[in-house]
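Just upload.cif here, mmCIF, C-alpha atoms:
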data_final
#
loop_
_atom_site.label_atom_id
_atom_site.label_comp_id
_atom_site.auth_asym_id
_atom_site.auth_seq_id
_atom_site.Cartn_x
_atom_site.Cartn_y
_atom_site.Cartn_z
CA MET A 9 0.00 0.00 0.00
CA SER A 10 1.48 3.39 -1.00
CA ASP A 11 2.40 6.00 1.62
CA THR A 12 1.89 8.87 -0.88
CA PRO A 13 -0.46 11.47 0.63
CA PRO A 14 -3.72 12.17 -1.17
CA PRO A 15 -3.45 14.84 -3.87
CA HIS A 16 -5.68 17.24 -1.95
CA VAL A 17 -3.28 17.47 1.04
CA PRO A 18 -0.78 19.85 -0.66
CA ASP A 19 -3.67 22.05 -1.71
CA LEU A 20 -4.84 22.32 1.89
CA ARG A 21 -1.34 23.13 3.07
CA GLY A 22 -0.94 25.78 0.37
CA ARG A 23 -4.24 27.38 1.30
CA ALA A 24 -3.31 27.39 4.97
CA LEU A 25 0.05 29.01 4.22
CA HIS A 26 -1.62 31.58 1.95
CA THR A 27 -4.17 32.42 4.63
CA ALA A 28 -1.42 32.71 7.25
CA ARG A 29 0.60 35.04 5.03
CA ARG A 30 -2.42 37.23 4.37
CA GLY A 31 -3.22 37.39 8.08
CA TRP A 32 0.37 38.32 8.90
CA GLY A 33 0.26 40.97 6.18
CA PHE A 34 -2.87 42.55 7.66
CA LEU A 35 -1.34 42.39 11.14
CA THR A 36 1.89 44.12 10.19
CA ALA A 37 0.05 46.68 8.03
CA ASP A 38 -2.05 47.79 10.99
CA LEU A 39 1.03 47.98 13.19
CA ARG A 40 2.93 50.05 10.61
CA ALA A 41 0.07 52.47 9.98
CA PRO A 42 0.84 55.91 11.48
CA SER A 43 -1.45 57.30 14.13
CA ALA A 44 -4.25 59.54 12.90
CA SER A 45 -3.21 62.22 15.40
CA THR A 46 -0.09 63.18 17.31
CA ALA A 47 -1.87 65.50 19.72
CA PRO A 48 -1.32 64.74 23.43
CA LEU A 49 -3.82 62.38 25.03
CA LEU A 50 -6.63 64.31 26.73
CA GLY A 51 -5.22 67.43 25.09
CA THR A 52 -8.73 68.76 24.36
CA ALA A 53 -9.99 68.36 27.92
CA ARG A 54 -11.39 71.51 29.48
CA ARG A 55 -9.76 71.05 32.88
CA PRO A 56 -6.01 71.68 33.08
CA TRP A 57 -5.37 68.76 35.44
CA LEU A 58 -6.90 66.35 32.94
CA ARG A 59 -4.62 67.66 30.18
CA ALA A 60 -1.60 67.19 32.44
CA LEU A 61 -2.66 63.76 33.71
CA PRO A 62 -1.07 61.64 30.88
CA TYR A 63 2.29 63.37 31.37
CA VAL A 64 2.15 62.86 35.14
CA VAL A 65 1.29 59.16 34.78
CA ALA A 66 4.00 58.56 32.16
CA PHE A 67 6.66 60.37 34.19
CA ALA A 68 5.67 58.56 37.38
CA GLY A 69 5.81 55.22 35.57
CA VAL A 70 9.28 55.88 34.21
CA ALA A 71 10.54 57.21 37.56
CA ALA A 72 9.25 54.15 39.41
CA LEU A 73 10.06 51.38 36.93
CA LEU A 74 13.49 52.44 35.64
CA PRO A 75 15.53 52.04 38.87
CA VAL A 76 13.56 48.97 39.97
CA THR A 77 14.14 47.27 36.60
CA ILE A 78 17.88 47.94 36.70
CA ASN A 79 18.13 46.63 40.26
CA VAL A 80 16.10 43.46 39.59
CA LEU A 81 17.86 42.63 36.33
CA THR A 82 21.27 43.09 37.96
CA ASN A 83 20.78 41.61 41.42
CA GLY A 84 17.85 39.28 40.80
CA TYR A 85 18.63 37.80 37.38
CA GLY A 86 22.40 38.35 37.48
CA LEU A 87 22.49 40.32 34.25
CA ASN A 88 25.43 42.51 33.32
CA GLY A 89 25.00 46.05 34.67
CA ALA A 90 25.48 47.89 31.38
CA LEU A 91 23.10 45.57 29.55
CA ALA A 92 20.59 45.82 32.38
CA GLY A 93 20.70 49.63 32.23
CA ALA A 94 20.21 49.68 28.45
CA LEU A 95 17.30 47.24 28.58
CA ALA A 96 15.65 49.05 31.50
CA THR A 97 15.89 52.38 29.71
CA ALA A 98 14.44 50.98 26.47
CA GLN A 99 11.62 49.24 28.35
CA THR A 100 10.51 52.27 30.40
CA ALA A 101 11.64 55.62 28.93
CA PRO A 102 9.41 55.38 25.80
CA LEU A 103 6.39 55.69 28.08
CA LEU A 104 6.98 59.46 27.83
CA LEU A 105 6.67 59.17 24.05
CA ALA A 106 3.41 57.26 24.44
CA VAL A 107 1.60 60.46 25.47
CA THR A 108 1.70 61.69 21.85
CA ARG A 109 2.78 58.66 19.77
CA PRO A 110 1.74 55.49 21.61
CA LEU A 111 2.17 53.15 18.63
CA LYS A 112 5.80 54.20 18.12
CA ALA A 113 6.41 53.81 21.84
CA TRP A 114 4.89 50.31 21.64
CA TRP A 115 7.32 49.31 18.89
CA ILE A 116 10.29 50.38 21.01
CA ILE A 117 9.09 48.77 24.25
CA TYR A 118 7.88 45.60 22.52
CA THR A 119 11.26 45.16 20.85
CA ALA A 120 13.09 45.86 24.11
CA ASP A 121 10.92 43.36 25.99
CA VAL A 122 11.61 40.67 23.43
CA LEU A 123 15.35 41.38 23.50
CA GLY A 124 15.25 41.38 27.29
CA ALA A 125 13.61 37.95 27.32
CA VAL A 126 16.31 36.66 24.97
CA ALA A 127 19.03 38.13 27.18
CA LEU A 128 17.54 36.60 30.33
CA MET A 129 17.70 33.13 28.75
CA GLY A 130 21.47 33.27 29.22
CA ALA A 131 21.46 34.91 32.65
CA ASP A 132 22.75 32.97 35.67
CA ARG A 133 19.68 33.20 37.93
CA THR A 134 16.73 33.24 35.52
CA GLU A 135 15.53 29.72 36.40
CA GLY A 136 12.82 29.95 39.03
CA LEU A 137 12.04 33.59 38.30
CA ALA A 138 9.39 35.14 36.01
CA TRP A 139 10.22 34.64 32.34
CA PRO A 140 9.92 35.70 29.49
CA TRP A 141 8.34 38.82 31.06
CA THR A 142 9.59 40.25 34.33
CA PRO A 143 7.10 41.84 36.77
CA MET A 144 8.35 45.30 35.75
CA VAL A 145 7.74 44.46 32.09
CA VAL A 146 4.17 43.42 32.90
CA VAL A 147 3.43 46.66 34.78
CA GLY A 148 5.05 48.92 32.17
CA TYR A 149 3.42 47.06 29.28
CA LEU A 150 -0.05 47.35 30.79
CA LEU A 151 0.50 51.07 31.34
CA LEU A 152 1.57 51.34 27.71
CA MET A 153 -1.56 49.45 26.62
CA ALA A 154 -3.70 52.08 28.33
CA PHE A 155 -2.07 54.78 26.21
CA VAL A 156 -2.41 52.70 23.02
CA GLY A 157 -6.05 51.87 23.69
CA LEU A 158 -6.96 55.53 24.19
CA ARG A 159 -5.49 56.56 20.83
CA GLU A 160 -5.41 53.77 18.22
CA PRO A 161 -8.34 52.27 16.24
CA ARG A 162 -9.81 48.86 16.95
CA ARG A 163 -7.89 46.94 14.28
CA THR A 164 -4.58 48.26 15.57
CA LEU A 165 -5.49 47.21 19.11
CA VAL A 166 -6.26 43.70 17.90
CA ALA A 167 -2.92 43.61 16.06
CA VAL A 168 -1.04 44.73 19.20
CA TRP A 169 -2.85 42.14 21.30
CA LEU A 170 -2.09 39.31 18.86
CA ALA A 171 1.56 40.39 18.55
CA THR A 172 1.84 40.18 22.34
CA GLY A 173 0.38 36.70 22.35
CA VAL A 174 2.58 35.51 19.48
CA ALA A 175 5.74 36.65 21.27
CA GLY A 176 4.75 34.85 24.46
CA LEU A 177 3.83 31.69 22.54
CA VAL A 178 7.19 31.66 20.72
CA PHE A 179 9.11 31.89 23.99
CA GLU A 180 6.93 29.15 25.45
CA LEU A 181 7.91 26.89 22.57
CA VAL A 182 11.58 27.85 22.84
CA SER A 183 11.97 27.01 26.52
CA GLN A 184 9.22 25.39 28.51
CA THR A 185 11.64 24.95 31.41
CA LEU A 186 12.14 28.67 32.01
CA SER A 187 8.55 29.69 31.18
CA ASP A 188 6.27 30.01 34.19
CA GLY A 189 3.07 31.05 32.37
CA VAL A 190 3.50 34.80 32.87
CA HIS A 191 3.03 35.27 29.12
CA VAL A 192 -0.54 33.96 29.43
CA LEU A 193 -1.22 36.41 32.26
CA LEU A 194 0.16 39.32 30.23
CA PHE A 195 -1.86 38.23 27.18
CA VAL A 196 -5.10 38.18 29.16
CA LEU A 197 -4.46 41.43 31.03
CA THR A 198 -3.43 43.16 27.79
CA GLY A 199 -6.74 42.18 26.21
CA VAL A 200 -8.69 43.49 29.21
CA VAL A 201 -6.88 46.84 29.25
CA LEU A 202 -7.23 47.28 25.49
CA VAL A 203 -10.95 46.46 25.59
CA VAL A 204 -11.63 48.92 28.43
CA THR A 205 -9.55 51.80 27.05
CA GLY A 206 -10.74 51.17 23.49
CA ALA A 207 -14.35 51.30 24.66
CA LEU A 208 -13.65 54.58 26.47
CA ARG A 209 -12.07 56.03 23.33
CA GLU A 210 -14.96 54.97 21.10
CA ARG A 211 -17.45 56.36 23.61
CA GLY A 212 -15.63 59.70 23.58
CA ASP A 213 -15.54 59.69 19.78
CA ALA A 214 -19.28 58.99 19.68
CA GLN A 215 -19.97 61.86 22.06
CA ARG A 216 -17.86 64.24 19.97
CA ARG A 217 -19.68 63.17 16.80
CA LEU A 218 -23.00 63.70 18.57
CA VAL A 219 -21.98 67.21 19.63
CA ALA A 220 -20.81 67.96 16.09
CA GLN A 221 -24.09 66.66 14.68
CA GLU A 222 -26.06 68.79 17.11
CA THR A 223 -24.03 71.82 16.05
CA ILE A 224 -24.74 71.06 12.39
CA SER A 225 -28.44 70.58 13.16
CA GLU A 226 -28.54 73.92 14.95
CA ALA A 227 -26.84 75.59 11.98
CA GLU A 228 -29.34 73.93 9.63
CA ARG A 229 -32.23 75.20 11.74
CA ALA A 230 -30.82 78.72 11.66
CA ARG A 231 -30.30 78.43 7.93
CA ARG A 232 -33.85 77.21 7.40
CA THR A 233 -35.17 80.09 9.51
CA LEU A 234 -33.16 82.51 7.39
CA LEU A 235 -34.57 81.01 4.18
CA GLU A 236 -38.11 81.27 5.50
CA GLU A 237 -37.52 84.91 6.42
CA ARG A 238 -36.06 85.60 3.00
CA THR A 239 -39.11 84.00 1.40
CA ARG A 240 -41.43 86.14 3.49
CA ILE A 241 -39.52 89.30 2.58
CA ALA A 242 -39.55 88.31 -1.09
CA ARG A 243 -43.32 87.93 -1.07
CA GLU A 244 -43.87 91.23 0.70
CA LEU A 245 -41.39 93.01 -1.56
CA HIS A 246 -43.05 91.61 -4.64
CA ASP A 247 -46.53 92.55 -3.43
CA VAL A 248 -45.52 96.14 -2.64
CA VAL A 249 -42.92 97.05 -5.27
CA ALA A 250 -44.41 95.11 -8.18
CA HIS A 251 -47.78 96.78 -7.61
CA HIS A 252 -46.34 100.29 -7.67
CA MET A 253 -44.08 99.55 -10.65
CA SER A 254 -47.06 98.16 -12.54
CA VAL A 255 -49.06 101.28 -11.73
CA ILE A 256 -46.22 103.48 -13.03
CA THR A 257 -46.06 101.44 -16.24
CA VAL A 258 -49.82 101.66 -16.81
CA GLN A 259 -49.94 105.38 -16.07
CA ALA A 260 -47.01 106.12 -18.37
CA ASP A 261 -48.48 104.02 -21.20
CA SER A 262 -51.95 105.54 -20.85
CA ALA A 263 -50.87 109.17 -20.37
CA PRO A 264 -50.98 110.07 -24.10
CA TYR A 265 -54.57 108.82 -24.21
CA ARG A 266 -55.72 110.38 -20.95
CA ILE A 267 -54.10 113.78 -21.40
CA GLU A 268 -55.02 115.69 -24.51
CA GLY A 269 -52.57 117.89 -26.38
CA LEU A 270 -49.37 116.30 -25.19
CA PRO A 271 -46.41 117.37 -27.34
CA PRO A 272 -44.38 114.63 -29.06
CA ALA A 273 -41.47 115.17 -26.65
CA ALA A 274 -43.70 114.50 -23.65
CA GLN A 275 -45.13 111.37 -25.28
CA GLU A 276 -41.60 110.07 -25.87
CA GLU A 277 -40.73 110.82 -22.25
CA PHE A 278 -43.75 108.85 -21.01
CA ALA A 279 -42.84 105.98 -23.34
CA ALA A 280 -39.27 105.95 -21.94
CA ILE A 281 -40.63 105.96 -18.37
CA ALA A 282 -42.87 102.99 -19.18
CA ALA A 283 -40.03 101.07 -20.84
CA GLY A 284 -37.69 101.69 -17.90
CA ALA A 285 -40.35 100.64 -15.43
CA ARG A 286 -41.03 97.41 -17.32
CA GLU A 287 -37.33 96.56 -17.47
CA SER A 288 -36.88 97.27 -13.75
CA LEU A 289 -39.92 95.12 -12.98
CA ASN A 290 -38.53 92.22 -15.00
CA GLU A 291 -35.14 92.37 -13.29
CA MET A 292 -36.78 92.63 -9.88
CA ARG A 293 -38.86 89.53 -10.57
CA ARG A 294 -35.75 87.66 -11.66
CA LEU A 295 -34.00 88.51 -8.36
CA LEU A 296 -37.07 87.76 -6.29
CA THR A 297 -37.29 84.30 -7.83
CA VAL A 298 -33.87 83.53 -6.37
CA LEU A 299 -35.00 84.81 -2.96
CA ARG A 300 -38.18 82.75 -2.91
CA SER A 301 -36.55 79.35 -2.53
CA GLU A 302 -33.08 77.89 -2.26
CA GLY A 303 -31.86 76.20 -5.42
CA THR A 304 -34.13 78.22 -7.70
CA GLU A 305 -32.26 79.36 -10.76
CA GLY A 306 -34.58 82.20 -11.57
CA GLU A 307 -36.32 82.92 -14.83
CA LEU A 308 -34.96 81.43 -17.98
CA ALA A 309 -34.76 84.82 -19.73
CA PRO A 310 -31.24 85.55 -21.05
CA GLN A 311 -29.00 87.80 -19.01
CA PRO A 312 -28.17 91.21 -20.48
CA GLY A 313 -24.87 91.62 -22.30
CA LEU A 314 -23.00 93.68 -24.86
CA SER A 315 -25.93 93.53 -27.27
CA ARG A 316 -27.92 95.75 -24.90
CA VAL A 317 -25.25 98.37 -24.15
CA GLN A 318 -26.73 100.58 -26.88
CA GLN A 319 -30.00 100.66 -24.92
CA LEU A 320 -28.12 101.82 -21.81
CA VAL A 321 -26.55 104.69 -23.73
CA GLU A 322 -29.91 105.69 -25.24
CA ALA A 323 -31.49 105.65 -21.78
CA ALA A 324 -28.69 107.92 -20.49
CA VAL A 325 -29.29 110.32 -23.40
CA ARG A 326 -32.99 110.43 -22.57
CA ALA A 327 -32.03 111.21 -18.96
CA GLY A 328 -30.13 114.31 -20.12
CA VAL A 329 -26.59 112.90 -20.43
CA PRO A 330 -25.02 113.53 -23.85
CA ALA A 331 -23.43 110.08 -24.18
CA GLU A 332 -21.91 108.46 -27.23
CA LEU A 333 -20.92 104.84 -27.80
CA THR A 334 -17.96 103.34 -29.64
CA MET A 335 -18.08 99.58 -29.67
CA SER A 336 -16.06 96.99 -31.55
CA PRO A 337 -16.62 93.69 -29.71
CA PRO A 338 -14.44 90.62 -30.44
CA ALA A 339 -15.27 88.48 -33.43
CA GLY A 340 -15.61 85.27 -31.41
CA ALA A 341 -17.97 84.36 -28.63
CA VAL A 342 -17.64 86.32 -25.39
CA PRO A 343 -17.80 84.33 -22.13
CA GLN A 344 -21.10 84.84 -20.38
CA SER A 345 -19.48 86.15 -17.19
CA VAL A 346 -17.48 88.73 -19.15
CA ASP A 347 -20.52 89.66 -21.25
CA LEU A 348 -22.67 90.28 -18.18
CA SER A 349 -19.88 92.03 -16.25
CA ALA A 350 -19.23 94.46 -19.10
CA TYR A 351 -22.94 95.32 -19.28
CA ARG A 352 -23.19 95.85 -15.50
CA ILE A 353 -20.06 98.01 -15.41
CA VAL A 354 -21.40 100.29 -18.14
CA GLN A 355 -24.81 100.34 -16.46
CA GLU A 356 -23.37 101.35 -13.07
CA ALA A 357 -20.99 103.91 -14.59
CA LEU A 358 -23.78 105.62 -16.55
CA SER A 359 -26.02 105.54 -13.47
CA ASN A 360 -23.29 107.32 -11.52
CA VAL A 361 -23.01 109.95 -14.25
CA VAL A 362 -26.78 110.54 -14.22
CA ARG A 363 -26.78 110.63 -10.44
CA HIS A 364 -23.67 112.67 -9.68
CA ALA A 365 -22.77 114.55 -12.88
CA PRO A 366 -26.01 115.25 -14.78
CA GLY A 367 -25.52 116.83 -18.15
CA ALA A 368 -21.84 115.83 -18.36
CA SER A 369 -20.62 114.70 -21.76
CA THR A 370 -19.86 110.98 -21.57
CA ARG A 371 -17.98 108.61 -23.83
CA VAL A 372 -18.48 104.83 -23.68
CA SER A 373 -15.90 102.69 -25.46
CA ILE A 374 -15.84 98.90 -25.72
CA THR A 375 -12.94 97.40 -27.66
CA SER A 376 -11.01 94.15 -27.80
CA ASP A 377 -7.50 93.07 -28.71
CA GLY A 378 -8.46 89.39 -28.97
CA ALA A 379 -7.25 88.52 -25.47
CA GLN A 380 -9.07 91.13 -23.39
CA LEU A 381 -12.23 93.18 -23.52
CA MET A 382 -11.60 96.81 -22.63
CA VAL A 383 -14.52 98.80 -21.21
CA LEU A 384 -14.00 102.56 -20.82
CA VAL A 385 -16.54 105.07 -19.52
CA VAL A 386 -15.27 108.66 -19.29
CA ASN A 387 -17.41 111.65 -18.37
CA GLY A 388 -16.59 115.30 -18.13
CA PRO A 389 -17.57 117.71 -15.37
CA ALA A 390 -21.22 118.27 -14.59
CA GLU A 391 -22.93 121.27 -16.13
CA GLU A 392 -23.19 124.16 -13.70
CA ARG A 393 -26.88 124.57 -14.37
CA ALA A 394 -27.60 120.97 -13.40
CA ALA A 395 -27.43 119.94 -9.77
CA PRO A 396 -26.50 116.39 -8.78
CA LEU A 397 -29.45 114.16 -8.01
CA GLU A 398 -28.72 113.71 -4.32
CA SER A 399 -32.28 112.64 -3.65
CA HIS A 400 -31.42 109.30 -5.27
CA PRO A 401 -27.88 108.59 -4.15
CA GLY A 402 -28.00 104.85 -4.84
CA THR A 403 -26.69 102.13 -2.59
CA GLY A 404 -23.17 103.44 -2.29
CA HIS A 405 -21.79 100.05 -3.45
CA GLY A 406 -21.36 100.88 -7.14
CA LEU A 407 -17.56 100.84 -7.34
CA VAL A 408 -17.40 97.95 -4.88
CA GLY A 409 -19.73 95.92 -7.11
CA MET A 410 -17.64 96.76 -10.18
CA ARG A 411 -14.45 95.61 -8.49
CA GLU A 412 -16.08 92.38 -7.36
CA ARG A 413 -17.30 91.57 -10.86
CA VAL A 414 -13.90 92.33 -12.37
CA ARG A 415 -12.14 90.25 -9.70
CA LEU A 416 -14.35 87.24 -10.36
CA THR A 417 -13.46 87.33 -14.05
CA GLY A 418 -9.73 87.73 -13.32
CA GLY A 419 -9.55 91.22 -14.81
CA ARG A 420 -8.48 94.66 -13.70
CA LEU A 421 -10.40 97.83 -12.84
CA ASP A 422 -9.08 101.40 -12.64
CA THR A 423 -11.31 104.23 -11.47
CA GLY A 424 -10.64 107.80 -10.43
CA PRO A 425 -11.33 111.48 -10.96
CA LEU A 426 -9.90 113.48 -13.86
CA PRO A 427 -8.12 116.85 -13.62
CA ASP A 428 -11.04 118.64 -15.32
CA GLY A 429 -13.52 117.41 -12.73
CA GLY A 430 -14.73 114.37 -14.65
CA PHE A 431 -14.42 110.70 -13.81
CA THR A 432 -13.11 107.60 -15.55
CA VAL A 433 -13.93 103.90 -15.25
CA ALA A 434 -11.60 101.54 -17.12
CA ALA A 435 -11.99 97.76 -16.94
CA GLN A 436 -9.95 95.01 -18.60
CA LEU A 437 -11.77 91.69 -18.74
CA PRO A 438 -9.90 88.59 -20.03
CA LEU A 439 -11.69 86.63 -22.73
CA THR A 440 -10.09 83.39 -21.51
CA PRO A 441 -10.27 81.90 -17.98
CA PRO A 442 -7.47 83.17 -15.71
CA VAL A 443 -4.66 80.75 -14.88
CA GLY A 444 -4.53 81.69 -11.20
CA PRO A 445 -6.31 83.96 -8.75
CA LYS A 446 -5.97 87.67 -9.29
CA ASP A 447 -5.36 90.28 -6.70
CA PRO A 448 -8.71 91.85 -5.93
CA SER A 449 -7.15 95.30 -5.86
#

What does the file become when written as structure tokens?
Amino acid sequence: MSDTPPPHVPDLRGRALHTARRGWGFLTADLRAPSASTAPLLGTARRPWLRALPYVVAFAGVAALLPVTINVLTNGYGLNGALAGALATAQTAPLLLAVTRPLKAWWIIYTADVLGAVALMGADRTEGLAWPWTPMVVVGYLLLMAFVGLREPRRTLVAVWLATGVAGLVFELVSQTLSDGVHVLLFVLTGVVLVVTGALRERGDAQRRLVAQETISEAERARRTLLEERTRIARELHDVVAHHMSVITVQADSAPYRIEGLPPAAQEEFAAIAAGARESLNEMRRLLTVLRSEGTEGELAPQPGLSRVQQLVEAAVRAGVPAELTMSPPAGAVPQSVDLSAYRIVQEALSNVVRHAPGASTRVSITSDGAQLMVLVVNGPAEERAAPLESHPGTGHGLVGMRERVRLTGGRLDTGPLPDGGFTVAAQLPLTPPVGPKDPS
């Protein structure tokens, strides 16, 4: 009868080895992973004594364990003094590092404990004493486990616990004569400490997440209240302003029919008033649509652009400003943001002329060199016979709004008074997206 093993036995061995290698890979990966934070343990506590507690415990542990370890290794186990001092320092001093980097401290202490167990195998008086872990190693290691459990995630704690058990099992297999079962005690106590401290850490994390969620919920409630208030204001504003604007439009349109003998100039003036009122009403409705509900994109009517600059100039002429327009826009398509910004800049500049320098001769120029769109609005001094319209001073944010629009497009804006008492507004708007952020000034 053949002693050849069945063909499926090698497959089982290969699978077992593959599974073991994968498990070892996961174990070492978790142990090599850096800590998510290097802040001191309890560093966010409100009370100062709690923030100082980890440092006090670590320092007290080192101060108590270091001399005792040197004395026991030298006098109890008969180890060489220099070697005993080096091992004692490596097994206890990293507890100070554990306050901020417990996993790195574990690597140092774990390695020192293993090397210490190897060194004690050749010591003169080891037989009959605790081995592979001395009592000082057990105390220091459990203190270290408290630091690790309060900082590292669950998978890392499991990896540390298994690594502790593997080291004890290896020494048990190496020398059953010297081993007294202390490795089993350390394995069990390590698991208990890691479970307790890990549970405390996860409980603290859950409480912090709950507080953060409550803060977010409070912010959402405040935001919802703000949206509701904006909606209420939008409705009231629409009811009041839209009604009066509609009345102005109707009165201006019907004036030539209600009032007999109106001269042609007066009829044109009423027609201009009606047209301006209708345009203002349309723009107001477009803005109010955005206010009514979050996420509303407003009416689908196209935004004004360069094609409507001529209408702005004509409206300024009707308002008593002798304005002229010179426009040679680029041959290609103009980006929508640049198109709208150019229109708004001209609109605000002409409004400022009408408001602050009525009757001043004004020149509007829009040109392009293929890379930029240049918008220039220059007005002369106001006529002495015309007083500025201080009864309608505007919002006071005209130049600020211009600068914001130009900044968003990556362009440049220059404004300032002229020696003759006039004013100039010069904007350069790039026709291609900017490579980097521009200085808002």

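When all atoms listed in the file are used to measure the gap to Ser369 of chain A, the shortest distance among A:Met410, A:Leu104, A:Leu348, A:Val329 belongs to A:Val329.
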
Exercise: segment 119-125 of chain A partners within 10 Å, only C-alpha atoms, chain neighbours under 4 positions left out, as a compact mmCIF listing (two decimals) with C-alpha atoms, in the frame of the given file:
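Dumped everything to around.txt:
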# COMPACT_ATOMS: atom_id res chain seq x y z
CA LEU A 81 17.86 42.63 36.33
CA LEU A 91 23.10 45.57 29.55
CA ALA A 92 20.59 45.82 32.38
CA ALA A 94 20.21 49.68 28.45
CA LEU A 95 17.30 47.24 28.58
CA ALA A 96 15.65 49.05 31.50
CA THR A 97 15.89 52.38 29.71
CA ALA A 98 14.44 50.98 26.47
CA GLN A 99 11.62 49.24 28.35
CA THR A 100 10.51 52.27 30.40
CA ALA A 113 6.41 53.81 21.84
CA TRP A 114 4.89 50.31 21.64
CA TRP A 115 7.32 49.31 18.89
CA MET A 129 17.70 33.13 28.75
CA GLY A 130 21.47 33.27 29.22
CA ALA A 131 21.46 34.91 32.65
CA THR A 134 16.73 33.24 35.52
CA TRP A 139 10.22 34.64 32.34
CA PRO A 140 9.92 35.70 29.49
CA TRP A 141 8.34 38.82 31.06
CA THR A 142 9.59 40.25 34.33
CA VAL A 145 7.74 44.46 32.09
CA VAL A 146 4.17 43.42 32.90
CA TYR A 149 3.42 47.06 29.28
CA THR A 172 1.84 40.18 22.34
CA ALA A 175 5.74 36.65 21.27
CA GLY A 176 4.75 34.85 24.46
CA PHE A 179 9.11 31.89 23.99

Requested in this report: Would you mind reading off the distance between atom CA of Ile353 of chain A and atom CA of Thr239 of chain A, one decimal, in Å?
Outcome: 29.0 Å

Once the PyMOL selection byres ((chain A and resi 371-379) around 12) has been applied to the shown file, what residues remain in the selection, as a CSV table (one decimal) with C-alpha atoms, in the frame of the given file?
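Ended up saving to part21.csv:
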chain,number,residue,atom,x,y,z
A,314,LEU,CA,-23.0,93.7,-24.9
A,315,SER,CA,-25.9,93.5,-27.3
A,317,VAL,CA,-25.2,98.4,-24.2
A,318,GLN,CA,-26.7,100.6,-26.9
A,320,LEU,CA,-28.1,101.8,-21.8
A,321,VAL,CA,-26.6,104.7,-23.7
A,322,GLU,CA,-29.9,105.7,-25.2
A,324,ALA,CA,-28.7,107.9,-20.5
A,325,VAL,CA,-29.3,110.3,-23.4
A,329,VAL,CA,-26.6,112.9,-20.4
A,330,PRO,CA,-25.0,113.5,-23.8
A,331,ALA,CA,-23.4,110.1,-24.2
A,332,GLU,CA,-21.9,108.5,-27.2
A,333,LEU,CA,-20.9,104.8,-27.8
A,334,THR,CA,-18.0,103.3,-29.6
A,335,MET,CA,-18.1,99.6,-29.7
A,336,SER,CA,-16.1,97.0,-31.6
A,337,PRO,CA,-16.6,93.7,-29.7
A,338,PRO,CA,-14.4,90.6,-30.4
A,339,ALA,CA,-15.3,88.5,-33.4
A,340,GLY,CA,-15.6,85.3,-31.4
A,341,ALA,CA,-18.0,84.4,-28.6
A,342,VAL,CA,-17.6,86.3,-25.4
A,343,PRO,CA,-17.8,84.3,-22.1
A,347,ASP,CA,-20.5,89.7,-21.2
A,350,ALA,CA,-19.2,94.5,-19.1
A,351,TYR,CA,-22.9,95.3,-19.3
A,353,ILE,CA,-20.1,98.0,-15.4
A,354,VAL,CA,-21.4,100.3,-18.1
A,355,GLN,CA,-24.8,100.3,-16.5
A,357,ALA,CA,-21.0,103.9,-14.6
A,358,LEU,CA,-23.8,105.6,-16.6
A,361,VAL,CA,-23.0,110.0,-14.2
A,368,ALA,CA,-21.8,115.8,-18.4
A,369,SER,CA,-20.6,114.7,-21.8
A,370,THR,CA,-19.9,111.0,-21.6
A,380,GLN,CA,-9.1,91.1,-23.4
A,381,LEU,CA,-12.2,93.2,-23.5
A,382,MET,CA,-11.6,96.8,-22.6
A,383,VAL,CA,-14.5,98.8,-21.2
A,384,LEU,CA,-14.0,102.6,-20.8
A,385,VAL,CA,-16.5,105.1,-19.5
A,386,VAL,CA,-15.3,108.7,-19.3
A,387,ASN,CA,-17.4,111.6,-18.4
A,388,GLY,CA,-16.6,115.3,-18.1
A,419,GLY,CA,-9.6,91.2,-14.8
A,430,GLY,CA,-14.7,114.4,-14.6
A,431,PHE,CA,-14.4,110.7,-13.8
A,432,THR,CA,-13.1,107.6,-15.6
A,433,VAL,CA,-13.9,103.9,-15.2
A,434,ALA,CA,-11.6,101.5,-17.1
A,435,ALA,CA,-12.0,97.8,-16.9
A,436,GLN,CA,-10.0,95.0,-18.6
A,437,LEU,CA,-11.8,91.7,-18.7
A,438,PRO,CA,-9.9,88.6,-20.0
A,439,LEU,CA,-11.7,86.6,-22.7
A,440,THR,CA,-10.1,83.4,-21.5
A,441,PRO,CA,-10.3,81.9,-18.0
A,442,PRO,CA,-7.5,83.2,-15.7

Query raised in the report: Can you list, as number ranges by chain, every protein, DNA or RNA residue that comes within 10 Å of Pro62 of chain A when you count only C-alpha atoms, leaving out same-chain residues fewer than 4 positions away?
Result: A: 48-51, 57-58, 66-68, 103-104, 106-108, 155

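Note that the spacing between atom CA of Gly284 of chain A and atom CA of Ala323 of chain A amounts to 8.3 Å.
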
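Across the model, the gap from atom CA of Ala365 of chain A to atom CA of Glu391 of chain A is 7.5 Å.
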
Report task. Excluding Ala53 of chain A and residues on its chain fewer than 6 positions from it, collect all residues at most 12 Å away from it, counting only C-alpha atoms, and give them as a list in words. Result ->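 Listing them by chain and then by number gives Ala47, Arg59, Ala60, Leu61, Pro62, Gly212 and Arg216 of chain A.
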
Query raised in the report: Where does the PyMOL selection byres ((chain A and resi 85) around 9) land in this file, that is, which residues does it pick, as a VMD selection string?
Result: chain A and resid 80 to 84 86 to 87 128 131 to 135 137

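You can rank A:Asn79, A:Arg54, A:Leu235, A:Asp261 by their closest distance to Ala283 of chain A using all atoms listed in the file, and at the top of that list sits A:Asp261.
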
Close residues, Ala282 of chain A itself excluded, 8 Å, all atoms listed in the file, min 6 positions apart in chain, as a PDB file with C-alpha atoms, in the coordinates of the input:
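Final file, part-v3.pdb:
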ATOM      1  CA  ILE A 256     -46.220 103.480 -13.030  1.00  0.00           C
ATOM      2  CA  THR A 257     -46.060 101.440 -16.240  1.00  0.00           C
ATOM      3  CA  VAL A 258     -49.820 101.660 -16.810  1.00  0.00           C
ATOM      4  CA  ALA A 260     -47.010 106.120 -18.370  1.00  0.00           C
ATOM      5  CA  ASP A 261     -48.480 104.020 -21.200  1.00  0.00           C
TER       6      ASP A 261
END
